[in-house]
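A.B. asks: Sharing work-v8.txt here; it has compact mmCIF, N, CA and C atoms.
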# COMPACT_ATOMS: atom_id res chain seq x y z
N MET A 1 98.28 115.64 102.75
CA MET A 1 98.52 114.49 101.90
C MET A 1 97.98 113.23 102.55
N LEU A 2 97.51 112.34 101.72
CA LEU A 2 97.04 111.04 102.21
C LEU A 2 98.17 110.23 102.83
N ILE A 3 99.31 110.20 102.16
CA ILE A 3 100.48 109.51 102.69
C ILE A 3 101.70 110.41 102.50
N GLU A 4 102.66 110.24 103.36
CA GLU A 4 103.89 111.02 103.30
C GLU A 4 104.94 110.26 102.48
N LEU A 5 105.96 110.98 102.06
CA LEU A 5 107.03 110.39 101.26
C LEU A 5 107.66 109.19 101.95
N ALA A 6 107.96 109.31 103.24
CA ALA A 6 108.61 108.21 103.97
C ALA A 6 107.73 106.96 103.98
N GLU A 7 106.40 107.16 104.15
CA GLU A 7 105.48 106.01 104.11
C GLU A 7 105.50 105.34 102.74
N ALA A 8 105.46 106.15 101.71
CA ALA A 8 105.45 105.61 100.35
C ALA A 8 106.73 104.84 100.06
N LYS A 9 107.87 105.39 100.49
CA LYS A 9 109.14 104.71 100.24
C LYS A 9 109.22 103.38 100.97
N GLN A 10 108.61 103.28 102.14
CA GLN A 10 108.60 102.01 102.87
C GLN A 10 107.78 100.96 102.14
N SER A 11 106.70 101.38 101.51
CA SER A 11 105.84 100.40 100.84
C SER A 11 106.35 100.04 99.45
N LEU A 12 107.32 100.76 98.90
CA LEU A 12 107.76 100.44 97.54
C LEU A 12 108.69 99.22 97.44
N PRO A 13 109.66 98.94 98.18
CA PRO A 13 110.49 99.76 99.06
C PRO A 13 111.61 100.44 98.27
N VAL A 14 111.92 101.65 98.69
CA VAL A 14 113.00 102.44 98.08
C VAL A 14 113.88 102.94 99.22
N ILE A 15 115.18 102.73 99.13
CA ILE A 15 116.08 103.15 100.21
C ILE A 15 116.96 104.34 99.83
N HIS A 16 116.85 104.81 98.61
CA HIS A 16 117.66 105.95 98.16
C HIS A 16 116.77 107.18 98.02
N ASP A 17 117.40 108.34 97.86
CA ASP A 17 116.67 109.60 97.72
C ASP A 17 116.57 110.08 96.28
N ALA A 18 117.14 109.35 95.35
CA ALA A 18 117.20 109.80 93.96
C ALA A 18 115.82 109.97 93.33
N ASP A 19 114.84 109.18 93.78
CA ASP A 19 113.50 109.24 93.18
C ASP A 19 112.49 109.99 94.04
N ASP A 20 112.94 110.74 95.03
CA ASP A 20 112.01 111.41 95.94
C ASP A 20 111.04 112.33 95.21
N ALA A 21 111.52 113.15 94.31
CA ALA A 21 110.63 114.06 93.58
C ALA A 21 109.63 113.27 92.74
N LEU A 22 110.08 112.21 92.11
CA LEU A 22 109.20 111.35 91.32
C LEU A 22 108.11 110.74 92.20
N ILE A 23 108.49 110.22 93.34
CA ILE A 23 107.53 109.58 94.25
C ILE A 23 106.55 110.61 94.80
N GLU A 24 107.03 111.81 95.13
CA GLU A 24 106.13 112.87 95.59
C GLU A 24 105.10 113.21 94.51
N GLY A 25 105.51 113.21 93.27
CA GLY A 25 104.56 113.42 92.16
C GLY A 25 103.54 112.30 92.09
N HIS A 26 103.99 111.07 92.32
CA HIS A 26 103.08 109.92 92.32
C HIS A 26 102.08 110.04 93.47
N ILE A 27 102.53 110.51 94.62
CA ILE A 27 101.64 110.68 95.77
C ILE A 27 100.56 111.71 95.44
N ALA A 28 100.97 112.83 94.86
CA ALA A 28 100.00 113.87 94.48
C ALA A 28 99.01 113.35 93.45
N ALA A 29 99.51 112.59 92.47
CA ALA A 29 98.62 112.03 91.45
C ALA A 29 97.65 111.02 92.05
N ALA A 30 98.13 110.22 92.99
CA ALA A 30 97.27 109.24 93.65
C ALA A 30 96.17 109.95 94.44
N GLN A 31 96.54 111.00 95.18
CA GLN A 31 95.53 111.72 95.94
C GLN A 31 94.52 112.37 95.01
N ASP A 32 94.96 112.94 93.91
CA ASP A 32 94.06 113.55 92.95
C ASP A 32 93.10 112.50 92.38
N TYR A 33 93.62 111.33 92.01
CA TYR A 33 92.79 110.25 91.48
C TYR A 33 91.73 109.84 92.50
N ILE A 34 92.16 109.65 93.75
CA ILE A 34 91.25 109.22 94.81
C ILE A 34 90.17 110.26 95.05
N GLU A 35 90.54 111.53 95.12
CA GLU A 35 89.56 112.59 95.36
C GLU A 35 88.55 112.68 94.23
N GLN A 36 88.99 112.55 93.00
CA GLN A 36 88.07 112.58 91.87
C GLN A 36 87.15 111.35 91.89
N TYR A 37 87.71 110.21 92.24
CA TYR A 37 86.94 108.97 92.23
C TYR A 37 85.85 108.96 93.31
N ILE A 38 86.18 109.45 94.52
CA ILE A 38 85.17 109.41 95.59
C ILE A 38 84.32 110.68 95.63
N GLY A 39 84.67 111.70 94.85
CA GLY A 39 83.84 112.89 94.74
C GLY A 39 83.99 113.89 95.88
N ARG A 40 85.08 113.84 96.61
CA ARG A 40 85.34 114.82 97.67
C ARG A 40 86.83 114.81 98.01
N SER A 41 87.27 115.92 98.64
CA SER A 41 88.68 115.99 98.99
C SER A 41 88.94 115.24 100.29
N VAL A 42 90.14 114.81 100.48
CA VAL A 42 90.55 114.15 101.71
C VAL A 42 91.84 114.77 102.20
N PRO A 43 92.09 114.89 103.47
CA PRO A 43 91.12 114.52 104.50
C PRO A 43 90.03 115.56 104.61
N TRP A 44 88.80 115.11 104.75
CA TRP A 44 87.68 116.03 104.93
C TRP A 44 87.75 116.57 106.35
N LEU A 45 87.11 117.68 106.58
CA LEU A 45 87.21 118.36 107.87
C LEU A 45 85.91 118.24 108.65
N ASP A 46 86.01 118.25 109.98
CA ASP A 46 84.79 118.29 110.80
C ASP A 46 84.33 119.74 110.93
N HIS A 47 83.33 119.99 111.76
CA HIS A 47 82.75 121.34 111.86
C HIS A 47 83.17 122.09 113.11
N SER A 48 84.24 121.67 113.78
CA SER A 48 84.71 122.38 114.95
C SER A 48 85.47 123.63 114.54
N VAL A 49 85.65 124.53 115.50
CA VAL A 49 86.38 125.77 115.22
C VAL A 49 87.58 125.81 116.15
N PRO A 50 88.80 125.85 115.68
CA PRO A 50 89.18 125.70 114.27
C PRO A 50 88.95 124.27 113.79
N PRO A 51 88.77 124.11 112.49
CA PRO A 51 88.48 122.77 111.98
C PRO A 51 89.63 121.80 112.24
N LEU A 52 89.29 120.61 112.68
CA LEU A 52 90.28 119.58 112.94
C LEU A 52 90.15 118.49 111.88
N PRO A 53 91.24 118.06 111.30
CA PRO A 53 91.13 117.01 110.29
C PRO A 53 90.70 115.70 110.93
N GLU A 54 89.76 115.03 110.28
CA GLU A 54 89.37 113.70 110.71
C GLU A 54 90.45 112.72 110.28
N PRO A 55 90.59 111.61 110.99
CA PRO A 55 91.58 110.63 110.56
C PRO A 55 91.23 110.08 109.18
N VAL A 56 92.24 109.90 108.37
CA VAL A 56 92.02 109.33 107.04
C VAL A 56 91.78 107.83 107.21
N PRO A 57 90.69 107.30 106.65
CA PRO A 57 90.43 105.87 106.76
C PRO A 57 91.58 105.04 106.18
N PRO A 58 91.91 103.93 106.82
CA PRO A 58 93.01 103.09 106.34
C PRO A 58 92.82 102.64 104.89
N ALA A 59 91.59 102.42 104.46
CA ALA A 59 91.36 101.98 103.08
C ALA A 59 91.83 103.04 102.07
N LEU A 60 91.65 104.32 102.41
CA LEU A 60 92.09 105.38 101.50
C LEU A 60 93.62 105.43 101.45
N LYS A 61 94.26 105.26 102.61
CA LYS A 61 95.72 105.23 102.63
C LYS A 61 96.24 104.04 101.82
N GLN A 62 95.60 102.89 101.99
CA GLN A 62 96.04 101.70 101.25
C GLN A 62 95.86 101.90 99.75
N ALA A 63 94.75 102.52 99.35
CA ALA A 63 94.52 102.81 97.94
C ALA A 63 95.63 103.72 97.41
N ALA A 64 96.03 104.71 98.20
CA ALA A 64 97.11 105.61 97.79
C ALA A 64 98.42 104.83 97.63
N HIS A 65 98.71 103.93 98.56
CA HIS A 65 99.93 103.11 98.45
C HIS A 65 99.89 102.25 97.19
N LEU A 66 98.74 101.65 96.91
CA LEU A 66 98.62 100.82 95.70
C LEU A 66 98.85 101.65 94.43
N LEU A 67 98.25 102.83 94.40
CA LEU A 67 98.42 103.69 93.22
C LEU A 67 99.86 104.15 93.06
N VAL A 68 100.49 104.57 94.15
CA VAL A 68 101.88 105.02 94.07
C VAL A 68 102.77 103.88 93.58
N GLY A 69 102.56 102.69 94.11
CA GLY A 69 103.32 101.52 93.64
C GLY A 69 103.06 101.23 92.18
N ASP A 70 101.79 101.37 91.78
CA ASP A 70 101.44 101.15 90.38
C ASP A 70 102.14 102.17 89.48
N TYR A 71 102.10 103.43 89.88
CA TYR A 71 102.76 104.47 89.09
C TYR A 71 104.27 104.25 89.05
N TYR A 72 104.85 103.86 90.16
CA TYR A 72 106.30 103.71 90.24
C TYR A 72 106.80 102.52 89.43
N PHE A 73 106.11 101.41 89.53
CA PHE A 73 106.55 100.20 88.83
C PHE A 73 105.83 99.96 87.51
N LYS A 74 104.88 100.85 87.15
CA LYS A 74 104.14 100.78 85.89
C LYS A 74 103.43 99.44 85.71
N LYS A 75 102.71 99.04 86.76
CA LYS A 75 101.91 97.83 86.71
C LYS A 75 100.44 98.22 86.62
N ASP A 76 99.61 97.36 86.09
CA ASP A 76 98.19 97.65 85.95
C ASP A 76 97.30 96.77 86.83
N GLU A 77 97.87 95.89 87.63
CA GLU A 77 97.07 94.93 88.37
C GLU A 77 96.29 95.53 89.52
N SER A 78 96.63 96.72 90.00
CA SER A 78 96.03 97.24 91.23
C SER A 78 94.72 97.97 91.01
N ASP A 79 94.28 98.23 89.78
CA ASP A 79 93.10 99.04 89.54
C ASP A 79 91.85 98.48 90.22
N ALA A 80 91.59 97.20 90.11
CA ALA A 80 90.39 96.62 90.73
C ALA A 80 90.47 96.72 92.25
N ALA A 81 91.64 96.49 92.82
CA ALA A 81 91.80 96.58 94.27
C ALA A 81 91.57 98.02 94.74
N VAL A 82 92.09 98.98 94.01
CA VAL A 82 91.91 100.38 94.38
C VAL A 82 90.43 100.75 94.35
N ARG A 83 89.70 100.33 93.33
CA ARG A 83 88.27 100.63 93.24
C ARG A 83 87.50 99.99 94.40
N ARG A 84 87.83 98.77 94.78
CA ARG A 84 87.15 98.13 95.91
C ARG A 84 87.38 98.91 97.20
N LEU A 85 88.58 99.43 97.39
CA LEU A 85 88.88 100.20 98.60
C LEU A 85 88.16 101.54 98.60
N LEU A 86 87.98 102.15 97.43
CA LEU A 86 87.43 103.50 97.36
C LEU A 86 85.91 103.55 97.25
N ASN A 87 85.27 102.50 96.75
CA ASN A 87 83.82 102.52 96.52
C ASN A 87 83.01 102.96 97.74
N PRO A 88 83.31 102.50 98.95
CA PRO A 88 82.48 102.93 100.09
C PRO A 88 82.53 104.43 100.38
N TYR A 89 83.52 105.13 99.85
CA TYR A 89 83.68 106.55 100.15
C TYR A 89 83.16 107.46 99.05
N ARG A 90 82.62 106.88 97.97
CA ARG A 90 82.11 107.70 96.87
C ARG A 90 80.87 108.45 97.31
N VAL A 91 80.77 109.71 96.90
CA VAL A 91 79.63 110.55 97.25
C VAL A 91 78.53 110.41 96.21
N SER A 92 78.87 110.43 94.95
CA SER A 92 77.89 110.41 93.87
C SER A 92 78.16 109.24 92.95
N TRP A 93 77.24 108.30 92.88
CA TRP A 93 77.41 107.12 92.02
C TRP A 93 76.86 107.34 90.63
N GLY A 94 75.89 108.23 90.46
CA GLY A 94 75.28 108.44 89.14
C GLY A 94 74.39 107.25 88.77
N VAL A 95 73.76 107.37 87.62
CA VAL A 95 72.86 106.29 87.16
C VAL A 95 73.32 105.77 85.84
Would you mind writing the structure in this file as structure tokens?
C.D. replies:
Amino acid sequence: MLIELAEAKQSLPVIHDADDALIEGHIAAAQDYIEQYIGRSVPWLDHSVPPLPEPVPPALKQAAHLLVGDYYFKKDESDAAVRRLLNPYRVSWGV
């Protein structure tokens, strides 16, 4: 996962456990959105044996936090910020 439940709850902020399943769903949806947007899965792996995960860039983690917050609070203001964070990691831009 790009971010863990505890990280997401800190950025929301949420201090109760009642919404844990909901937030975990938001985390999964955020990661799916990010992977589709940049055209590859994260974290991507290096070529060592056994493969070691590369560190996830902070911009991708921040994008995940913005999306989770957007999903949780149902706000639409974060879309432009998320795209700015993800653009450098896109594999295929198309024409």
A.B. asks: Have a look at A:Ala18, A:Leu67, A:Leu85, A:Leu2 and name the one nearest to Ser41 of chain A; count only C-alpha atoms.
C.D. replies: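 Going through A:Ala18, A:Leu67, A:Leu85, A:Leu2 one by one, the smallest distance to Ser41 of chain A is for A:Leu2.
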A.B. asks: Identify, on the basis of all atoms listed in the file, every residue whose closest approach to Met1 of chain A does not exceed 7 Å; exclude the query and any residue fewer than 2 positions from it along the same chain; express the result as a list in words.
C.D. replies: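 In the requested form, the answer reads Ile3, Glu4, Val42 and Pro43 of chain A.
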A.B. asks: Need to verify the contact set: Ala30 of chain A, 6.5 Å, all atoms listed in the file, exclusion of same-chain residues closer than 5 positions in sequence. Can you return it as a count of residues only?
C.D. replies: 5
A.B. asks: Can you pull out the residues contacting Ile38 of chain A? Cut-off 8 Å, using only C-alpha atoms, and skip same-chain residues under 5 positions away; I want them as a PyMOL selection string.
C.D. replies: chain A and resi 86-87+89-92
A.B. asks: Have a look at atom N of Tyr71 of chain A and atom N of Leu12 of chain A and let me know their distance in Å, one decimal.
C.D. replies: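 Calculated distance between atom N of Tyr71 of chain A and atom N of Leu12 of chain A is 10.8 Å.
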A.B. asks: From a DSSP pass on the backbone, collect the residues of chain A flagged as helix (DSSP H, G or I) and hand them back as a ChimeraX atom specification.
C.D. replies: /A:5-11,20-38,58-73,79-89
